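Student: Sharing run_23.cif, mmCIF, C-alpha atoms and all ligand atoms:
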data_final
#
loop_
_atom_site.group_PDB
_atom_site.id
_atom_site.type_symbol
_atom_site.label_atom_id
_atom_site.label_comp_id
_atom_site.auth_asym_id
_atom_site.auth_seq_id
_atom_site.Cartn_x
_atom_site.Cartn_y
_atom_site.Cartn_z
ATOM 1 C CA MET A 84 0.697 -12.293 23.572
ATOM 2 C CA GLU A 85 -0.098 -13.407 19.994
ATOM 3 C CA LYS A 86 -1.147 -10.558 17.740
ATOM 4 C CA PRO A 87 -4.394 -11.094 15.786
ATOM 5 C CA ILE A 88 -3.869 -11.843 12.093
ATOM 6 C CA ILE A 89 -5.799 -9.551 9.747
ATOM 7 C CA LEU A 90 -4.592 -10.965 6.401
ATOM 8 C CA ARG A 91 -3.228 -14.385 5.575
ATOM 9 C CA ALA A 92 -1.843 -15.759 2.324
ATOM 10 C CA SER A 93 -1.515 -19.497 2.168
ATOM 11 C CA ASN A 94 0.350 -21.357 -0.582
ATOM 12 C CA LEU A 95 -0.416 -18.391 -2.828
ATOM 13 C CA CYS A 96 0.438 -18.491 -6.537
ATOM 14 C CA LYS A 97 -0.101 -15.948 -9.289
ATOM 15 C CA THR A 98 0.728 -16.754 -12.885
ATOM 16 C CA TYR A 99 0.405 -14.127 -15.612
ATOM 17 C CA SER A 100 -0.264 -15.407 -19.116
ATOM 18 C CA THR A 101 0.739 -13.361 -22.129
ATOM 19 C CA GLY A 102 -0.006 -15.195 -25.354
ATOM 20 C CA SER A 103 1.599 -18.611 -25.039
ATOM 21 C CA GLU A 104 4.015 -17.425 -22.314
ATOM 22 C CA GLN A 105 3.425 -17.904 -18.603
ATOM 23 C CA PHE A 106 5.151 -15.977 -15.833
ATOM 24 C CA HIS A 107 4.992 -17.137 -12.212
ATOM 25 C CA ALA A 108 5.027 -13.831 -10.285
ATOM 26 C CA ILE A 109 4.047 -15.286 -6.875
ATOM 27 C CA LYS A 110 5.183 -18.805 -6.022
ATOM 28 C CA ASN A 111 3.671 -20.824 -3.132
ATOM 29 C CA LEU A 112 3.893 -17.823 -0.830
ATOM 30 C CA ASP A 113 2.835 -18.041 2.839
ATOM 31 C CA LEU A 114 2.436 -14.843 4.836
ATOM 32 C CA ASP A 115 0.594 -13.474 7.877
ATOM 33 C CA ILE A 116 -0.077 -9.749 8.302
ATOM 34 C CA TYR A 117 -0.903 -8.686 11.850
ATOM 35 C CA GLU A 118 -3.697 -6.343 12.839
ATOM 36 C CA LYS A 119 -2.604 -2.775 13.708
ATOM 37 C CA ASP A 120 0.912 -3.430 12.381
ATOM 38 C CA PHE A 121 2.715 -1.107 10.007
ATOM 39 C CA THR A 122 3.907 -3.774 7.580
ATOM 40 C CA VAL A 123 6.490 -2.857 4.960
ATOM 41 C CA ILE A 124 7.186 -4.972 1.880
ATOM 42 C CA MET A 125 10.547 -4.600 0.137
ATOM 43 C CA GLY A 126 12.289 -6.511 -2.638
ATOM 44 C CA ASN A 127 14.048 -6.151 -5.971
ATOM 45 C CA SER A 128 12.186 -4.645 -8.890
ATOM 46 C CA GLY A 129 10.022 -7.359 -10.449
ATOM 47 C CA SER A 130 10.098 -9.588 -7.339
ATOM 48 C CA GLY A 131 6.267 -9.535 -7.065
ATOM 49 C CA LYS A 132 5.502 -6.831 -4.458
ATOM 50 C CA SER A 133 2.731 -5.005 -6.337
ATOM 51 C CA THR A 134 1.248 -8.331 -7.428
ATOM 52 C CA LEU A 135 1.168 -9.462 -3.795
ATOM 53 C CA LEU A 136 -0.599 -6.246 -2.750
ATOM 54 C CA TYR A 137 -3.203 -6.748 -5.498
ATOM 55 C CA LEU A 138 -3.873 -10.301 -4.321
ATOM 56 C CA LEU A 139 -4.057 -9.470 -0.586
ATOM 57 C CA SER A 140 -6.459 -6.598 -1.300
ATOM 58 C CA GLY A 141 -8.695 -8.569 -3.672
ATOM 59 C CA LEU A 142 -7.936 -6.169 -6.540
ATOM 60 C CA ASP A 143 -6.744 -9.081 -8.663
ATOM 61 C CA GLY A 144 -7.625 -12.760 -8.666
ATOM 62 C CA ILE A 145 -5.237 -15.422 -7.444
ATOM 63 C CA THR A 146 -4.169 -18.412 -9.558
ATOM 64 C CA THR A 147 -4.097 -20.960 -6.699
ATOM 65 C CA GLY A 148 -3.882 -20.899 -2.902
ATOM 66 C CA GLU A 149 -5.935 -19.002 -0.336
ATOM 67 C CA VAL A 150 -6.245 -15.399 0.902
ATOM 68 C CA PHE A 151 -7.978 -14.703 4.208
ATOM 69 C CA PHE A 152 -9.229 -11.444 5.678
ATOM 70 C CA ARG A 153 -9.595 -12.401 9.350
ATOM 71 C CA ASP A 154 -11.421 -15.760 9.092
ATOM 72 C CA GLN A 155 -13.012 -15.146 5.682
ATOM 73 C CA ARG A 156 -11.598 -16.474 2.430
ATOM 74 C CA ILE A 157 -11.719 -13.503 0.086
ATOM 75 C CA ASP A 158 -10.562 -15.532 -2.920
ATOM 76 C CA ASP A 159 -13.885 -17.399 -2.619
ATOM 77 C CA TYR A 160 -15.970 -14.214 -2.605
ATOM 78 C CA ASN A 161 -18.468 -13.605 -5.395
ATOM 79 C CA GLU A 162 -18.328 -10.258 -7.260
ATOM 80 C CA LYS A 163 -20.762 -8.552 -4.882
ATOM 81 C CA GLN A 164 -18.894 -9.669 -1.736
ATOM 82 C CA LEU A 165 -15.587 -8.709 -3.295
ATOM 83 C CA SER A 166 -16.779 -5.262 -4.255
ATOM 84 C CA GLY A 167 -18.140 -4.727 -0.700
ATOM 85 C CA PHE A 168 -14.799 -5.847 0.749
ATOM 86 C CA ARG A 169 -12.805 -3.562 -1.541
ATOM 87 C CA THR A 170 -15.031 -0.568 -0.888
ATOM 88 C CA ARG A 171 -15.485 -0.863 2.884
ATOM 89 C CA LYS A 172 -12.664 -2.876 4.422
ATOM 90 C CA ILE A 173 -9.626 -1.683 2.514
ATOM 91 C CA GLY A 174 -8.201 1.556 1.167
ATOM 92 C CA TYR A 175 -5.672 1.425 -1.669
ATOM 93 C CA VAL A 176 -3.098 4.053 -2.522
ATOM 94 C CA TYR A 177 -1.868 3.191 -6.019
ATOM 95 C CA GLN A 178 1.729 3.430 -7.232
ATOM 96 C CA SER A 179 0.524 5.680 -10.068
ATOM 97 C CA ILE A 180 -1.808 7.754 -7.813
ATOM 98 C CA ASN A 181 -4.731 7.114 -10.249
ATOM 99 C CA LEU A 182 -6.977 10.069 -9.431
ATOM 100 C CA VAL A 183 -9.824 10.558 -11.936
ATOM 101 C CA PRO A 184 -8.510 13.424 -14.121
ATOM 102 C CA ASP A 185 -11.915 15.013 -14.814
ATOM 103 C CA LEU A 186 -12.942 15.184 -11.144
ATOM 104 C CA THR A 187 -11.816 17.767 -8.602
ATOM 105 C CA PHE A 188 -9.928 16.706 -5.473
ATOM 106 C CA ALA A 189 -13.149 16.899 -3.431
ATOM 107 C CA GLU A 190 -15.045 14.794 -6.001
ATOM 108 C CA ASN A 191 -12.235 12.220 -6.221
ATOM 109 C CA ILE A 192 -12.166 11.815 -2.445
ATOM 110 C CA SER A 193 -15.978 11.595 -2.147
ATOM 111 C CA LEU A 194 -16.468 9.068 -4.944
ATOM 112 C CA PRO A 195 -15.757 5.834 -2.985
ATOM 113 C CA GLY A 196 -17.990 7.203 -0.192
ATOM 114 C CA TYR A 197 -20.940 7.406 -2.586
ATOM 115 C CA ILE A 198 -20.067 4.033 -4.153
ATOM 116 C CA ALA A 199 -20.264 2.539 -0.629
ATOM 117 C CA GLY A 200 -23.794 4.010 -0.318
ATOM 118 C CA GLY A 201 -22.868 6.874 1.989
ATOM 119 C CA LYS A 202 -25.392 9.671 2.577
ATOM 120 C CA LYS A 203 -24.545 12.985 0.888
ATOM 121 C CA ALA A 204 -24.195 15.002 4.096
ATOM 122 C CA GLU A 205 -21.983 12.373 5.730
ATOM 123 C CA VAL A 206 -19.728 11.929 2.684
ATOM 124 C CA ARG A 207 -19.375 15.728 2.409
ATOM 125 C CA ARG A 208 -18.485 16.022 6.096
ATOM 126 C CA LYS A 209 -15.847 13.294 5.859
ATOM 127 C CA THR A 210 -14.440 14.740 2.625
ATOM 128 C CA GLU A 211 -14.015 18.153 4.269
ATOM 129 C CA ALA A 212 -12.325 16.567 7.305
ATOM 130 C CA LEU A 213 -9.923 14.603 5.074
ATOM 131 C CA LEU A 214 -9.112 17.649 2.913
ATOM 132 C CA GLN A 215 -8.146 19.437 6.112
ATOM 133 C CA ALA A 216 -6.223 16.526 7.613
ATOM 134 C CA MET A 217 -4.204 16.152 4.395
ATOM 135 C CA ASP A 218 -3.670 19.904 4.148
ATOM 136 C CA ILE A 219 -5.234 20.188 0.672
ATOM 137 C CA GLU A 220 -8.313 22.230 1.610
ATOM 138 C CA GLY A 221 -7.156 25.048 -0.657
ATOM 139 C CA GLN A 222 -7.004 22.726 -3.666
ATOM 140 C CA LYS A 223 -10.381 21.032 -3.167
ATOM 141 C CA ASN A 224 -11.995 22.496 -6.293
ATOM 142 C CA ARG A 225 -8.982 21.907 -8.531
ATOM 143 C CA LEU A 226 -8.485 19.096 -11.018
ATOM 144 C CA PRO A 227 -5.467 16.838 -10.308
ATOM 145 C CA SER A 228 -3.600 18.388 -13.283
ATOM 146 C CA GLN A 229 -3.788 21.776 -11.507
ATOM 147 C CA THR A 230 -1.983 20.500 -8.386
ATOM 148 C CA SER A 231 1.483 19.251 -7.350
ATOM 149 C CA GLY A 232 2.583 15.615 -7.092
ATOM 150 C CA GLY A 233 2.671 15.839 -3.284
ATOM 151 C CA GLN A 234 -0.857 17.254 -3.161
ATOM 152 C CA GLN A 235 -2.090 14.531 -5.522
ATOM 153 C CA GLN A 236 -0.513 11.833 -3.358
ATOM 154 C CA ARG A 237 -2.223 13.273 -0.265
ATOM 155 C CA ALA A 238 -5.546 13.396 -2.149
ATOM 156 C CA ALA A 239 -5.035 9.744 -3.135
ATOM 157 C CA ILE A 240 -4.523 8.862 0.539
ATOM 158 C CA ALA A 241 -7.643 10.836 1.496
ATOM 159 C CA ARG A 242 -9.631 8.929 -1.123
ATOM 160 C CA ALA A 243 -8.357 5.635 0.324
ATOM 161 C CA LEU A 244 -9.558 6.698 3.802
ATOM 162 C CA ILE A 245 -13.083 7.945 3.080
ATOM 163 C CA ASN A 246 -14.754 4.677 4.169
ATOM 164 C CA ASP A 247 -12.593 4.225 7.312
ATOM 165 C CA PRO A 248 -10.874 1.071 6.014
ATOM 166 C CA GLU A 249 -9.393 -1.482 8.391
ATOM 167 C CA VAL A 250 -6.360 -1.950 6.144
ATOM 168 C CA ILE A 251 -4.589 0.730 4.115
ATOM 169 C CA PHE A 252 -2.499 -0.620 1.238
ATOM 170 C CA ALA A 253 0.051 1.826 -0.154
ATOM 171 C CA ASP A 254 2.203 0.947 -3.172
ATOM 172 C CA GLU A 255 5.333 3.144 -3.152
ATOM 173 C CA PRO A 256 3.416 6.162 -1.824
ATOM 174 C CA THR A 257 6.593 8.257 -1.611
ATOM 175 C CA GLY A 258 8.092 7.050 -4.909
ATOM 176 C CA SER A 259 7.322 10.184 -6.916
ATOM 177 C CA LEU A 260 7.724 12.731 -4.100
ATOM 178 C CA ASN A 261 10.554 14.959 -2.914
ATOM 179 C CA ILE A 262 11.964 14.370 0.589
ATOM 180 C CA GLU A 263 9.675 16.884 2.300
ATOM 181 C CA HIS A 264 6.448 15.640 0.695
ATOM 182 C CA GLY A 265 7.534 12.036 1.189
ATOM 183 C CA GLN A 266 8.100 12.675 4.885
ATOM 184 C CA ALA A 267 4.641 14.273 5.191
ATOM 185 C CA VAL A 268 2.967 11.255 3.569
ATOM 186 C CA LEU A 269 4.870 8.863 5.869
ATOM 187 C CA ASP A 270 3.846 10.920 8.906
ATOM 188 C CA ILE A 271 0.208 10.671 7.805
ATOM 189 C CA LEU A 272 0.422 6.879 7.394
ATOM 190 C CA THR A 273 2.246 6.511 10.730
ATOM 191 C CA GLY A 274 -0.412 8.666 12.433
ATOM 192 C CA LEU A 275 -3.250 6.554 11.001
ATOM 193 C CA ASN A 276 -1.463 3.401 12.093
ATOM 194 C CA ARG A 277 -1.031 4.743 15.643
ATOM 195 C CA LYS A 278 -4.806 5.318 15.706
ATOM 196 C CA GLY A 279 -5.352 1.627 14.922
ATOM 197 C CA GLN A 280 -5.477 1.185 11.148
ATOM 198 C CA SER A 281 -3.317 -1.593 9.727
ATOM 199 C CA VAL A 282 -0.931 -0.371 7.028
ATOM 200 C CA VAL A 283 0.711 -2.507 4.340
ATOM 201 C CA MET A 284 3.194 -0.479 2.321
ATOM 202 C CA VAL A 285 5.519 -1.387 -0.547
ATOM 203 C CA THR A 286 8.638 0.742 -0.826
ATOM 204 C CA HIS A 287 12.210 0.957 -2.129
ATOM 205 C CA ASP A 288 12.886 3.879 0.228
ATOM 206 C CA LEU A 289 14.909 3.173 3.406
ATOM 207 C CA LYS A 290 13.439 6.122 5.307
ATOM 208 C CA ALA A 291 9.949 4.859 4.494
ATOM 209 C CA ALA A 292 10.884 1.289 5.431
ATOM 210 C CA CYS A 293 11.988 2.548 8.868
ATOM 211 C CA ARG A 294 8.321 3.127 9.753
ATOM 212 C CA ALA A 295 7.764 -0.649 9.851
ATOM 213 C CA ASP A 296 6.808 -2.800 12.808
ATOM 214 C CA ARG A 297 7.514 -5.719 10.507
ATOM 215 C CA LEU A 298 9.452 -5.763 7.258
ATOM 216 C CA ILE A 299 8.767 -8.539 4.753
ATOM 217 C CA TYR A 300 11.431 -9.090 2.116
ATOM 218 C CA ILE A 301 10.182 -10.615 -1.147
ATOM 219 C CA SER A 302 12.499 -12.325 -3.593
ATOM 220 C CA ASP A 303 11.426 -14.071 -6.777
ATOM 221 C CA GLY A 304 7.762 -14.301 -5.725
ATOM 222 C CA LYS A 305 8.435 -15.716 -2.239
ATOM 223 C CA VAL A 306 9.049 -14.418 1.285
ATOM 224 C CA ALA A 307 12.838 -14.415 1.654
ATOM 225 C CA GLY A 308 13.045 -12.906 5.149
ATOM 226 C CA ILE A 309 11.246 -10.972 7.889
ATOM 227 C CA LEU A 310 12.598 -8.250 10.212
ATOM 228 C CA GLU A 311 10.656 -7.217 13.305
ATOM 229 C CA PHE A 312 10.933 -3.838 15.051
ATOM 230 C CA ASP A 313 9.487 -2.021 18.017
ATOM 231 C CA LYS A 314 7.148 0.868 17.228
ATOM 232 C CA TYR A 315 8.764 3.591 15.104
ATOM 233 C CA ASP A 316 10.684 6.129 17.102
ATOM 234 C CA GLU A 317 12.747 9.028 15.677
ATOM 235 C CA GLN A 318 15.627 8.259 18.078
ATOM 236 C CA THR A 319 16.295 4.810 16.637
ATOM 237 C CA LEU A 320 16.034 5.899 13.001
ATOM 238 C CA ALA A 321 19.736 5.770 12.071
ATOM 239 C CA GLY A 322 20.284 2.327 13.605
ATOM 240 C CA ARG A 323 17.132 1.077 11.957
ATOM 241 C CA GLU A 324 18.205 2.304 8.525
ATOM 242 C CA GLU A 325 21.488 0.464 8.927
ATOM 243 C CA SER A 326 19.863 -2.812 9.910
ATOM 244 C CA ILE A 327 17.396 -2.641 7.017
ATOM 245 C CA PHE A 328 20.173 -1.816 4.552
ATOM 246 C CA ALA A 329 22.201 -4.783 5.787
ATOM 247 C CA PHE A 330 19.128 -7.045 5.568
ATOM 248 C CA ILE A 331 18.161 -6.389 1.932
ATOM 249 C CA SER A 332 19.916 -7.922 -1.102
ATOM 250 C CA GLY A 333 22.955 -6.314 -2.780
ATOM 251 C CA LYS A 334 20.824 -5.577 -5.862
ATOM 252 C CA GLU A 335 18.148 -3.866 -3.762
ATOM 253 C CA GLN A 336 20.888 -1.935 -1.877
ATOM 254 C CA ARG A 337 22.070 -0.493 -5.205
ATOM 255 C CA HIS A 338 18.462 0.313 -6.195
ATOM 256 C CA VAL A 339 17.865 2.066 -2.846
ATOM 257 C CA ARG A 340 20.987 4.207 -3.272
ATOM 258 C CA ARG A 341 20.016 5.117 -6.874
ATOM 259 C CA MET A 342 16.522 6.182 -5.709
ATOM 260 C CA GLU A 343 18.047 8.256 -2.887
ATOM 261 C CA ALA A 344 20.341 10.023 -5.345
ATOM 262 C CA LEU A 345 17.402 10.753 -7.675
ATOM 263 C CA SER A 346 15.243 12.237 -4.902
ATOM 264 C CA ARG A 347 17.957 14.717 -3.814
HETATM 265 N N1 LIG A 401 -0.169 -8.093 -16.128
HETATM 266 C C1 LIG A 401 1.007 -8.705 -16.218
HETATM 267 N N2 LIG A 401 1.264 -9.568 -17.212
HETATM 268 C C2 LIG A 401 2.453 -10.230 -17.284
HETATM 269 N N3 LIG A 401 3.458 -10.084 -16.382
HETATM 270 C C3 LIG A 401 3.251 -9.232 -15.384
HETATM 271 C C4 LIG A 401 2.025 -8.488 -15.238
HETATM 272 N N4 LIG A 401 2.128 -7.715 -14.127
HETATM 273 C C5 LIG A 401 3.346 -7.948 -13.616
HETATM 274 N N5 LIG A 401 4.020 -8.858 -14.357
HETATM 275 C C6 LIG A 401 5.375 -9.381 -14.098
HETATM 276 O O1 LIG A 401 5.360 -9.980 -12.800
HETATM 277 C C7 LIG A 401 6.571 -9.685 -12.099
HETATM 278 C C8 LIG A 401 6.231 -9.025 -10.771
HETATM 279 O O2 LIG A 401 5.674 -7.746 -11.046
HETATM 280 P P1 LIG A 401 5.349 -6.726 -9.865
HETATM 281 O O3 LIG A 401 4.769 -5.506 -10.504
HETATM 282 O O4 LIG A 401 4.547 -7.421 -8.848
HETATM 283 O O5 LIG A 401 6.819 -6.442 -9.316
HETATM 284 P P2 LIG A 401 7.324 -5.405 -8.205
HETATM 285 O O6 LIG A 401 8.126 -6.191 -7.231
HETATM 286 O O7 LIG A 401 6.174 -4.641 -7.674
HETATM 287 O O8 LIG A 401 8.279 -4.475 -9.084
HETATM 288 P P3 LIG A 401 8.679 -2.893 -8.945
HETATM 289 O O9 LIG A 401 9.496 -2.758 -7.691
HETATM 290 O O10 LIG A 401 9.496 -2.675 -10.179
HETATM 291 O O11 LIG A 401 7.385 -2.094 -8.935
HETATM 292 C C9 LIG A 401 7.408 -8.799 -13.031
HETATM 293 O O12 LIG A 401 8.358 -9.622 -13.678
HETATM 294 C C10 LIG A 401 6.404 -8.261 -14.030
HETATM 295 O O13 LIG A 401 6.999 -8.026 -15.289
#
Go through the file and emit its structure as structure tokens.
Ligand SMILES: Nc1ncnc2c1ncn2[C@@H]1O[C@H](COP(=O)(O)OP(=O)(O)OP(=O)(O)O)[C@@H](O)[C@H]1O

Tutor:
Amino acid sequence: MEKPIILRASNLCKTYSTGSEQFHAIKNLDLDIYEKDFTVIMGNSGSGKSTLLYLLSGLDGITTGEVFFRDQRIDDYNEKQLSGFRTRKIGYVYQSINLVPDLTFAENISLPGYIAGGKKAEVRRKTEALLQAMDIEGQKNRLPSQTSGGQQQRAAIARALINDPEVIFADEPTGSLNIEHGQAVLDILTGLNRKGQSVVMVTHDLKAACRADRLIYISDGKVAGILEFDKYDEQTLAGREESIFAFISGKEQRHVRRMEALSR
């Protein structure tokens, strides 16, 4: 049976202009992301992964082409439609975490709930539930600077979930974490995916990539290959790591090994 498509990029291009220079970060890229899939995006540094996530999530404007969320063209949205889409339909976990430094964990998590027009009691209830689910209840009144990297990453995920998004985008969510915290974040994303949320995650981490139903490999702003898996299962982890390692480019293999050595 065909899986429903939740996001589609068609002939997508993104060109960055700096002064008189132009850089084509995404080049005539076509891609379908399936609903309820755990989609992983890998590729060499600078290949366009973060740019692609920005375009699929409406956080940045495209240069040419089309981006669909179900049957709606989001690149055609006006500012109001776009802001509604970003607030209600998607949750975004940034590569740099990006919590507001002057707000406590609880305030950071609640903020998008209020921006979406949520009622105070409801936003508070959801914030409490997320603090508990992410195991950061004890840090709820602390500023991000008074917490660990792993706690901040979990708070950033909680913030992305406050409006029950249909798609969770996560840009290297384990990049700055030790193995234990990284594993916890992956378990959270896998759990959310099993409950029906679509996940699109960029990573250079093989263990993280193993969570994929579908792995998209990006090279030089284009889709260079796709690997499909059955649902994640601890038993098949070793075999899966091997097939992903063999699938990615030699340059990315070296990058993956360097990252593994750094996280030990
Ligand atoms: N705002 C910008 N202005 C100009 N060039 C940019 C801008 N943002 C990104 N780029 C360039 O576009 C290319 C793709 O960047 P992107 O951040 O999407 O790569 P990436 O695959 O996510 O890399 P990494 O794995 O290192 O995070 C890079 O060459 C980058 O230098």

Student: Could you write out as a ChimeraX atom specification the residues that the PyMOL selection byres (((chain A and resi 167) around 12) and not hetatm) matches in the shown file?

Tutor: /A:140-142,157,160-166,168-174,195-196,198-200,246,248

Student: Would you compute the distance between CA of Asp159 in chain A and CA of Asn276 in chain A? Give it in Å to one decimal.

Tutor: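 Between CA of Asp159 in chain A and CA of Asn276 in chain A the gap is 28.3 Å.
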
Student: For Glu255 in chain A, work out the shell of residues within 6 Å, counting all atoms listed in the file and skipping chain neighbours fewer than 3 positions away, then give it as a ChimeraX atom specification.

Tutor: /A:178,258,285-286

Student: Write the residues of the preceding selection, restricted to C-alpha atoms, as a short mmCIF file (atom, residue, chain, number, x, y, z; two decimals), in the frame of the given file.

Tutor:
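So the final result, stored in result14.cif, reads:
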data_model
loop_
_atom_site.label_atom_id
_atom_site.label_comp_id
_atom_site.auth_asym_id
_atom_site.auth_seq_id
_atom_site.Cartn_x
_atom_site.Cartn_y
_atom_site.Cartn_z
CA GLN A 178 1.73 3.43 -7.23
CA GLY A 258 8.09 7.05 -4.91
CA VAL A 285 5.52 -1.39 -0.55
CA THR A 286 8.64 0.74 -0.83
#

Student: Name the residues, by chain letter and number, that sit within 9 Å of ligand LIG 401 (chain A) using all atoms listed in the file, and give them as a PyMOL selection string.

Tutor: chain A and resi 97-101+104-109+125-137+178+254-255+285-287+301-304

Student: Which polymer residues, whether protein, DNA or RNA, lie within 8 Å of the coordinate (10.2, 16.4, -7.3) when you count only C-alpha atoms? List them as a ChimeraX atom specification, using the chain letters and numbers from the file.

Tutor: /A:232,259-261,346

Student: For the residues in that selection, give me C-alpha atoms as a compact mmCIF listing (two decimals), in the coordinates of the input.

Tutor:
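Written file, selection_5.txt:
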# COMPACT_ATOMS: atom_id res chain seq x y z
CA GLY A 232 2.58 15.62 -7.09
CA SER A 259 7.32 10.18 -6.92
CA LEU A 260 7.72 12.73 -4.10
CA ASN A 261 10.55 14.96 -2.91
CA SER A 346 15.24 12.24 -4.90

Student: Return as lines of an AutoDock Vina configuration file the centre and edge lengths, in Å with one decimal, of the box along x, y and z that encloses every atom of range 99-113 of chain A in the file, padded by 4 Å per side.

Tutor:
center_x = 2.5
center_y = -17.1
center_z = -11.3
size_x = 13.4
size_y = 15.5
size_z = 36.2

Student: Can you turn the PyMOL selection byres (((chain A and resi 189) around 10) and not hetatm) into a concrete residue list for this file, as a PyMOL selection string?

Tutor: chain A and resi 186-188+190-194+207+210-211+213-214+219-220+222-226+238+241-242

Student: Generate the missing atoms of range 251-264 of chain A up to N, CA and C atoms and report them as a compact mmCIF listing (two decimals), in the coordinates of the input.

Tutor:
# COMPACT_ATOMS: atom_id res chain seq x y z
N ILE A 251 -4.99 -0.21 5.17
CA ILE A 251 -4.59 0.73 4.12
C ILE A 251 -3.41 0.10 3.38
N PHE A 252 -3.59 -0.14 2.08
CA PHE A 252 -2.50 -0.62 1.24
C PHE A 252 -1.90 0.59 0.52
N ALA A 253 -0.59 0.70 0.53
CA ALA A 253 0.05 1.83 -0.15
C ALA A 253 1.23 1.29 -0.97
N ASP A 254 1.16 1.47 -2.28
CA ASP A 254 2.20 0.95 -3.17
C ASP A 254 3.16 2.09 -3.54
N GLU A 255 4.32 2.09 -2.95
CA GLU A 255 5.33 3.14 -3.15
C GLU A 255 4.73 4.55 -3.05
N PRO A 256 4.11 4.87 -1.92
CA PRO A 256 3.42 6.16 -1.82
C PRO A 256 4.36 7.36 -1.83
N THR A 257 5.66 7.13 -1.60
CA THR A 257 6.59 8.26 -1.61
C THR A 257 7.47 8.25 -2.87
N GLY A 258 7.22 7.28 -3.75
CA GLY A 258 8.09 7.05 -4.91
C GLY A 258 8.29 8.27 -5.78
N SER A 259 7.22 9.06 -5.98
CA SER A 259 7.32 10.18 -6.92
C SER A 259 7.47 11.53 -6.19
N LEU A 260 7.73 11.48 -4.88
CA LEU A 260 7.72 12.73 -4.10
C LEU A 260 9.13 13.17 -3.70
N ASN A 261 9.28 14.49 -3.46
CA ASN A 261 10.55 14.96 -2.91
C ASN A 261 10.61 14.59 -1.42
N ILE A 262 11.76 14.84 -0.78
CA ILE A 262 11.96 14.37 0.59
C ILE A 262 10.90 14.93 1.53
N GLU A 263 10.62 16.22 1.38
CA GLU A 263 9.68 16.88 2.30
C GLU A 263 8.26 16.31 2.17
N HIS A 264 7.79 16.18 0.91
CA HIS A 264 6.45 15.64 0.70
C HIS A 264 6.38 14.17 1.10
